[in-house]
Amino acid sequence: MSGPSETPPHVVIVGGGIIGCTTAYYLTKTKTGSVTGHVPIKVTLIEASKHGVAQGASGKAGGLVARWAYPKELVDVSHPEHEKLAKEHNGANRWGWRYVGCGAWEGRVELAPEAAEKAGGKEERSLEKELGLPGGSKPDAKDLIWVKEDLTTGYSPMAGDGDTAQVHPYLFTTSMFELAKEQGLEYIEGGVTEVLKEGGKVTGVEYVDNGSGEKSTIKATHVVVSAGAWSPRIVEGLPIAATRAHSVTIYPQAGTVISPYVLFTEITIPSKKAGGRKTVSPEIYARPDNEVYACGPGDSLALPDTVDDVEVDAEACESIIQHVTAISRELRGGTVNKRQACYLPTVEAGGGPFVGEVARVAKGLYLATGHTCRGICNAPGTALAITELILDGEIRCGNFRKLSPSVTL
Ligand SMILES: Cc1cc2nc3c(=O)[nH]c(=O)nc-3n(C[C@H](O)[C@H](O)[C@H](O)COP(=O)(O)OP(=O)(O)OC[C@H]3O[C@@H](n4cnc5c(N)ncnc54)[C@H](O)[C@@H]3O)c2cc1C
């Protein structure tokens, strides 16, 4: 409870990816709760990028929002919240919310030898996506006309109608941020260097202001760490690893309408290195504005200091383009729009994310991080849970005991 003589409740969120921005949205919307003595809280978000929010994985992800994703307890809260948000804020127009077909596509292509060489070589890491659950009524893939039928050896829908949706992750994240600002969010552009503590409680954070380059501190009663792959640099010992992944976006050739599908592909291509053939697995996402997004495997290049320093490997992007355009004439005749890379936050022991307070490290310190390849799906559930925990002292929207960081830390 916050009485007149106590510090008024002030939540500082570290990191402006989808998790930080969505948490800012739910906190600024709810504002009061029993734990904070029904005094409206102040909320501040600090983001390290000089280019604003959503510059990391949250701006460069595919955008799948699936009922069949994991962990189930978080998806069961997140999916209806995604639907509610889309309804309340016209998500269809604002961030490309819609239901899509989703399937596993298999095929075999011939590539020119130099293209096949480019396609392999470097160490690759699986993004460890868990594929969908069979069941429900199957979506009809007859309108999947932008992938060559004669190369297809198999297509199986991964979930029933209405089980797989999508958002444009950059637009969703920036919308959450803008809506939170309209509700009173304070924004600071700077890199947090330390969470300050006293007597086992958080008291604030220290950060380097991007404008002045000076170190500053800001007082806080609650600190939420949602810094994605950078979170262990703020909370020591946090078992989160960083995996870099590349992606590209392509506008198809003029006159093509790309039907709404997300494809998890297995494309067999020629390879000199792997006994003549190898399988590559780009994920391909059609978007409502007719742009097509595709991402490749991960690698282990070390995490740089900030999101602005992420290196894009031109060859890795070229491989994705080669693979995707090999199975689609419409994309081969199109225009590549973006070549980009980002880091995925992965809980080292598997599972995750961490959602909850780490009172053992400091009272008032909350983690909302480690969402691996499901942060777009699970942002609303995470944000709602953290909001309930801060304002009312308990998570009421679901049973998130397994996700509590106090189990691991
Ligand atoms: C190729 C690819 C495809 C994906 N596709 C999907 C998908 O289809 N569906 C899905 O659900 N998920 C998907 N994901 C996963 C999803 O992108 C992530 O789980 C999610 O974006 C993580 O969000 P975040 O907010 O935790 O981290 P981030 O987006 O990385 O944001 C963290 C933010 O914290 C900031 N920060 C870091 N350190 C500091 C500091 N010291 N001070 C202040 N700010 C700091 C960073 O600059 C960054 O803006 C995909 C990921 C990849 C890589």
# chains A, B, ... in the order shown; residues from 1 in each chain; ligands from 1
$ closest_atom_pairs --of "chain A" --to "ligand 1" --cutoff "7 Å" --atoms "only C-alpha atoms and all ligand atoms" --output "Markdown table"
| residue | atom | partner | partner_atom_place_in_ligand_line | distance |
| --- | --- | --- | --- | --- |
| A:Val14 | CA | ligand 1 | 43 (C) | 5.0 |
| A:Gly15 | CA | ligand 1 | 34 (O) | 3.3 |
| A:Gly16 | CA | ligand 1 | 49 (O) | 4.6 |
| A:Gly17 | CA | ligand 1 | 25 (O) | 3.3 |
| A:Ile18 | CA | ligand 1 | 25 (O) | 4.2 |
| A:Ile19 | CA | ligand 1 | 25 (O) | 4.0 |
| A:Gly20 | CA | ligand 1 | 25 (O) | 5.6 |
| A:Ile46 | CA | ligand 1 | 43 (C) | 5.2 |
| A:Glu47 | CA | ligand 1 | 44 (N) | 3.8 |
| A:Ala48 | CA | ligand 1 | 44 (N) | 4.0 |
| A:Ser49 | CA | ligand 1 | 47 (O) | 5.0 |
| A:Val53 | CA | ligand 1 | 49 (O) | 5.5 |
| A:Ala54 | CA | ligand 1 | 49 (O) | 5.4 |
| A:Gln55 | CA | ligand 1 | 49 (O) | 5.3 |
| A:Gly56 | CA | ligand 1 | 29 (O) | 4.3 |
| A:Ala57 | CA | ligand 1 | 29 (O) | 4.0 |
| A:Ser58 | CA | ligand 1 | 21 (O) | 3.3 |
| A:Gly59 | CA | ligand 1 | 29 (O) | 6.6 |
| A:Lys60 | CA | ligand 1 | 2 (C) | 6.5 |
| A:Ala61 | CA | ligand 1 | 4 (C) | 3.7 |
| A:Gly62 | CA | ligand 1 | 8 (O) | 3.7 |
| A:Gly63 | CA | ligand 1 | 8 (O) | 3.8 |
| A:Leu64 | CA | ligand 1 | 8 (O) | 3.6 |
| A:Val65 | CA | ligand 1 | 11 (O) | 5.7 |
| A:Gly190 | CA | ligand 1 | 43 (C) | 5.9 |
| A:Gly191 | CA | ligand 1 | 42 (N) | 3.6 |
| A:Val192 | CA | ligand 1 | 42 (N) | 3.8 |
| A:Thr193 | CA | ligand 1 | 41 (N) | 5.7 |
| A:Ser226 | CA | ligand 1 | 26 (O) | 5.4 |
| A:Ala227 | CA | ligand 1 | 34 (O) | 3.4 |
| A:Gly228 | CA | ligand 1 | 27 (O) | 3.5 |
| A:Ala229 | CA | ligand 1 | 30 (O) | 5.8 |
| A:Trp230 | CA | ligand 1 | 38 (N) | 4.8 |
| A:Ser231 | CA | ligand 1 | 38 (N) | 6.4 |
| A:Ile234 | CA | ligand 1 | 41 (N) | 6.4 |
| A:Arg244 | CA | ligand 1 | 53 (C) | 6.7 |
| A:Ala245 | CA | ligand 1 | 53 (C) | 5.0 |
| A:His246 | CA | ligand 1 | 1 (C) | 5.9 |
| A:Ser247 | CA | ligand 1 | 1 (C) | 5.9 |
| A:Cys295 | CA | ligand 1 | 1 (C) | 5.1 |
| A:Gly296 | CA | ligand 1 | 1 (C) | 6.8 |
| A:Thr306 | CA | ligand 1 | 47 (O) | 6.0 |
| A:Val307 | CA | ligand 1 | 47 (O) | 4.8 |
| A:Cys342 | CA | ligand 1 | 53 (C) | 5.6 |
| A:Tyr343 | CA | ligand 1 | 53 (C) | 5.6 |
| A:Leu344 | CA | ligand 1 | 53 (C) | 4.7 |
| A:Pro345 | CA | ligand 1 | 19 (O) | 6.5 |
| A:Thr369 | CA | ligand 1 | 26 (O) | 5.0 |
| A:Gly370 | CA | ligand 1 | 26 (O) | 6.3 |
| A:His371 | CA | ligand 1 | 19 (O) | 4.4 |
| A:Thr372 | CA | ligand 1 | 19 (O) | 4.6 |
| A:Cys373 | CA | ligand 1 | 15 (C) | 3.5 |
| A:Arg374 | CA | ligand 1 | 11 (O) | 3.2 |
| A:Gly375 | CA | ligand 1 | 19 (O) | 3.1 |
| A:Ile376 | CA | ligand 1 | 11 (O) | 3.4 |
| A:Cys377 | CA | ligand 1 | 11 (O) | 3.8 |
| A:Asn378 | CA | ligand 1 | 11 (O) | 6.3 |
$ select_by_dssp --residues "region 187-236 of chain A" --states "helix (DSSP H, G or I)" --output "PyMOL selection string"
chain A and resi 228-233
$ atom_distance --atom1 "CA of Glu81 (chain A)" --atom2 "CA of Ala379 (chain A)"
9.4 Å
$ residues_around --residues "Arg396 (chain A)" --least-positions-apart "5" --cutoff "9 Å" --atoms "only C-alpha atoms" --output "list in words"
Ala385, Glu388 and Leu389 of chain A
$ closest_residue --among "A:Thr268, A:Thr22, A:Thr44, A:Thr256" --to "Ser175 (chain A)" --atoms "only C-alpha atoms"
A:Thr22
$ closest_residue --among "A:Leu403, A:Ala24, A:Leu171, A:Val223" --to "Lys197 (chain A)" --atoms "only C-alpha atoms"
A:Val223
$ closest_residue --among "A:Ala165, A:Leu85, A:Ser259, A:Pro270" --to "Leu179 (chain A)" --atoms "only C-alpha atoms"
A:Leu85
$ decode --residues "region 228-261 of chain A" --atoms "N, CA, C and O atoms" --output "mmCIF file, in the first residue's frame"
data_model
loop_
_atom_site.group_PDB
_atom_site.id
_atom_site.type_symbol
_atom_site.label_atom_id
_atom_site.label_comp_id
_atom_site.auth_asym_id
_atom_site.auth_seq_id
_atom_site.Cartn_x
_atom_site.Cartn_y
_atom_site.Cartn_z
ATOM 1 N N GLY A 228 14.475 -8.421 -23.848
ATOM 2 C CA GLY A 228 14.720 -9.491 -24.807
ATOM 3 C C GLY A 228 16.047 -10.178 -24.546
ATOM 4 O O GLY A 228 16.397 -10.493 -23.396
ATOM 5 N N ALA A 229 16.814 -10.393 -25.616
ATOM 6 C CA ALA A 229 18.087 -11.114 -25.507
ATOM 7 C C ALA A 229 19.099 -10.380 -24.630
ATOM 8 O O ALA A 229 20.080 -10.973 -24.173
ATOM 9 N N TRP A 230 18.881 -9.092 -24.382
ATOM 10 C CA TRP A 230 19.809 -8.297 -23.560
ATOM 11 C C TRP A 230 19.478 -8.405 -22.074
ATOM 12 O O TRP A 230 20.214 -7.869 -21.238
ATOM 13 N N SER A 231 18.419 -9.077 -21.701
ATOM 14 C CA SER A 231 17.980 -9.102 -20.292
ATOM 15 C C SER A 231 19.063 -9.582 -19.314
ATOM 16 O O SER A 231 19.191 -9.013 -18.223
ATOM 17 N N PRO A 232 19.881 -10.606 -19.684
ATOM 18 C CA PRO A 232 20.924 -11.036 -18.721
ATOM 19 C C PRO A 232 21.977 -9.965 -18.462
ATOM 20 O O PRO A 232 22.716 -10.063 -17.484
ATOM 21 N N ARG A 233 22.054 -8.955 -19.305
ATOM 22 C CA ARG A 233 23.019 -7.877 -19.041
ATOM 23 C C ARG A 233 22.487 -6.940 -17.954
ATOM 24 O O ARG A 233 23.204 -6.089 -17.445
ATOM 25 N N ILE A 234 21.205 -7.067 -17.647
ATOM 26 C CA ILE A 234 20.605 -6.211 -16.614
ATOM 27 C C ILE A 234 20.373 -7.015 -15.335
ATOM 28 O O ILE A 234 20.546 -6.505 -14.240
ATOM 29 N N VAL A 235 19.983 -8.275 -15.504
ATOM 30 C CA VAL A 235 19.790 -9.145 -14.335
ATOM 31 C C VAL A 235 20.829 -10.261 -14.448
ATOM 32 O O VAL A 235 20.682 -11.192 -15.244
ATOM 33 N N GLU A 236 21.860 -10.139 -13.644
ATOM 34 C CA GLU A 236 22.978 -11.078 -13.732
ATOM 35 C C GLU A 236 22.517 -12.514 -13.472
ATOM 36 O O GLU A 236 21.684 -12.757 -12.592
ATOM 37 N N GLY A 237 23.065 -13.427 -14.254
ATOM 38 C CA GLY A 237 22.777 -14.844 -14.021
ATOM 39 C C GLY A 237 21.495 -15.328 -14.661
ATOM 40 O O GLY A 237 21.132 -16.500 -14.512
ATOM 41 N N LEU A 238 20.815 -14.453 -15.369
ATOM 42 C CA LEU A 238 19.559 -14.865 -16.025
ATOM 43 C C LEU A 238 19.906 -15.827 -17.165
ATOM 44 O O LEU A 238 20.656 -15.462 -18.065
ATOM 45 N N PRO A 239 19.369 -17.051 -17.130
ATOM 46 C CA PRO A 239 19.797 -18.047 -18.128
ATOM 47 C C PRO A 239 19.095 -17.884 -19.482
ATOM 48 O O PRO A 239 18.303 -18.719 -19.904
ATOM 49 N N ILE A 240 19.415 -16.788 -20.146
ATOM 50 C CA ILE A 240 18.818 -16.529 -21.463
ATOM 51 C C ILE A 240 19.948 -16.385 -22.482
ATOM 52 O O ILE A 240 20.895 -15.632 -22.269
ATOM 53 N N ALA A 241 19.825 -17.132 -23.574
ATOM 54 C CA ALA A 241 20.830 -17.070 -24.641
ATOM 55 C C ALA A 241 20.261 -16.288 -25.811
ATOM 56 O O ALA A 241 19.042 -16.125 -25.926
ATOM 57 N N ALA A 242 21.164 -15.809 -26.668
ATOM 58 C CA ALA A 242 20.722 -15.017 -27.824
ATOM 59 C C ALA A 242 21.015 -15.775 -29.115
ATOM 60 O O ALA A 242 22.124 -16.265 -29.310
ATOM 61 N N THR A 243 20.025 -15.885 -29.972
ATOM 62 C CA THR A 243 20.213 -16.509 -31.289
ATOM 63 C C THR A 243 19.906 -15.461 -32.350
ATOM 64 O O THR A 243 18.828 -14.854 -32.326
ATOM 65 N N ARG A 244 20.853 -15.259 -33.287
ATOM 66 C CA ARG A 244 20.579 -14.295 -34.359
ATOM 67 C C ARG A 244 19.805 -14.993 -35.471
ATOM 68 O O ARG A 244 20.070 -16.150 -35.799
ATOM 69 N N ALA A 245 18.837 -14.283 -36.056
ATOM 70 C CA ALA A 245 18.095 -14.842 -37.197
ATOM 71 C C ALA A 245 17.887 -13.749 -38.242
ATOM 72 O O ALA A 245 17.671 -12.582 -37.895
ATOM 73 N N HIS A 246 17.964 -14.152 -39.506
ATOM 74 C CA HIS A 246 17.776 -13.211 -40.620
ATOM 75 C C HIS A 246 16.388 -13.354 -41.227
ATOM 76 O O HIS A 246 15.777 -14.424 -41.169
ATOM 77 N N SER A 247 15.940 -12.271 -41.821
ATOM 78 C CA SER A 247 14.654 -12.326 -42.540
ATOM 79 C C SER A 247 14.672 -11.316 -43.675
ATOM 80 O O SER A 247 15.504 -10.400 -43.695
ATOM 81 N N VAL A 248 13.754 -11.519 -44.605
ATOM 82 C CA VAL A 248 13.631 -10.606 -45.756
ATOM 83 C C VAL A 248 12.139 -10.358 -45.987
ATOM 84 O O VAL A 248 11.295 -11.127 -45.519
ATOM 85 N N THR A 249 11.838 -9.278 -46.668
ATOM 86 C CA THR A 249 10.452 -9.112 -47.138
ATOM 87 C C THR A 249 10.497 -8.842 -48.641
ATOM 88 O O THR A 249 11.434 -8.236 -49.154
ATOM 89 N N ILE A 250 9.482 -9.349 -49.336
ATOM 90 C CA ILE A 250 9.444 -9.262 -50.797
ATOM 91 C C ILE A 250 8.036 -8.841 -51.233
ATOM 92 O O ILE A 250 7.048 -9.404 -50.736
ATOM 93 N N TYR A 251 7.952 -7.872 -52.129
ATOM 94 C CA TYR A 251 6.665 -7.584 -52.778
ATOM 95 C C TYR A 251 6.608 -8.406 -54.064
ATOM 96 O O TYR A 251 7.584 -8.427 -54.822
ATOM 97 N N PRO A 252 5.518 -9.116 -54.309
ATOM 98 C CA PRO A 252 5.448 -9.978 -55.501
ATOM 99 C C PRO A 252 5.376 -9.160 -56.781
ATOM 100 O O PRO A 252 5.197 -7.936 -56.733
ATOM 101 N N GLN A 253 5.486 -9.866 -57.891
ATOM 102 C CA GLN A 253 5.386 -9.167 -59.182
ATOM 103 C C GLN A 253 4.011 -8.524 -59.321
ATOM 104 O O GLN A 253 3.025 -8.994 -58.728
ATOM 105 N N ALA A 254 3.980 -7.440 -60.086
ATOM 106 C CA ALA A 254 2.750 -6.651 -60.219
ATOM 107 C C ALA A 254 1.592 -7.549 -60.656
ATOM 108 O O ALA A 254 1.771 -8.488 -61.432
ATOM 109 N N GLY A 255 0.431 -7.268 -60.118
ATOM 110 C CA GLY A 255 -0.775 -7.992 -60.520
ATOM 111 C C GLY A 255 -1.023 -9.263 -59.728
ATOM 112 O O GLY A 255 -2.037 -9.929 -59.919
ATOM 113 N N THR A 256 -0.119 -9.610 -58.805
ATOM 114 C CA THR A 256 -0.312 -10.845 -58.019
ATOM 115 C C THR A 256 -0.996 -10.512 -56.697
ATOM 116 O O THR A 256 -0.587 -9.563 -56.017
ATOM 117 N N VAL A 257 -1.994 -11.284 -56.344
ATOM 118 C CA VAL A 257 -2.575 -11.134 -55.007
ATOM 119 C C VAL A 257 -2.124 -12.345 -54.187
ATOM 120 O O VAL A 257 -2.369 -13.493 -54.574
ATOM 121 N N ILE A 258 -1.434 -12.077 -53.110
ATOM 122 C CA ILE A 258 -0.894 -13.159 -52.274
ATOM 123 C C ILE A 258 -1.961 -13.575 -51.255
ATOM 124 O O ILE A 258 -2.323 -12.799 -50.381
ATOM 125 N N SER A 259 -2.438 -14.816 -51.375
ATOM 126 C CA SER A 259 -3.490 -15.286 -50.462
ATOM 127 C C SER A 259 -2.899 -15.509 -49.056
ATOM 128 O O SER A 259 -1.707 -15.754 -48.903
ATOM 129 N N PRO A 260 -3.766 -15.419 -48.041
ATOM 130 C CA PRO A 260 -3.279 -15.377 -46.640
ATOM 131 C C PRO A 260 -2.849 -16.735 -46.070
ATOM 132 O O PRO A 260 -3.661 -17.462 -45.506
ATOM 133 N N TYR A 261 -1.586 -17.041 -46.202
ATOM 134 C CA TYR A 261 -1.036 -18.283 -45.657
ATOM 135 C C TYR A 261 0.264 -18.029 -44.930
ATOM 136 O O TYR A 261 1.043 -17.152 -45.300
#
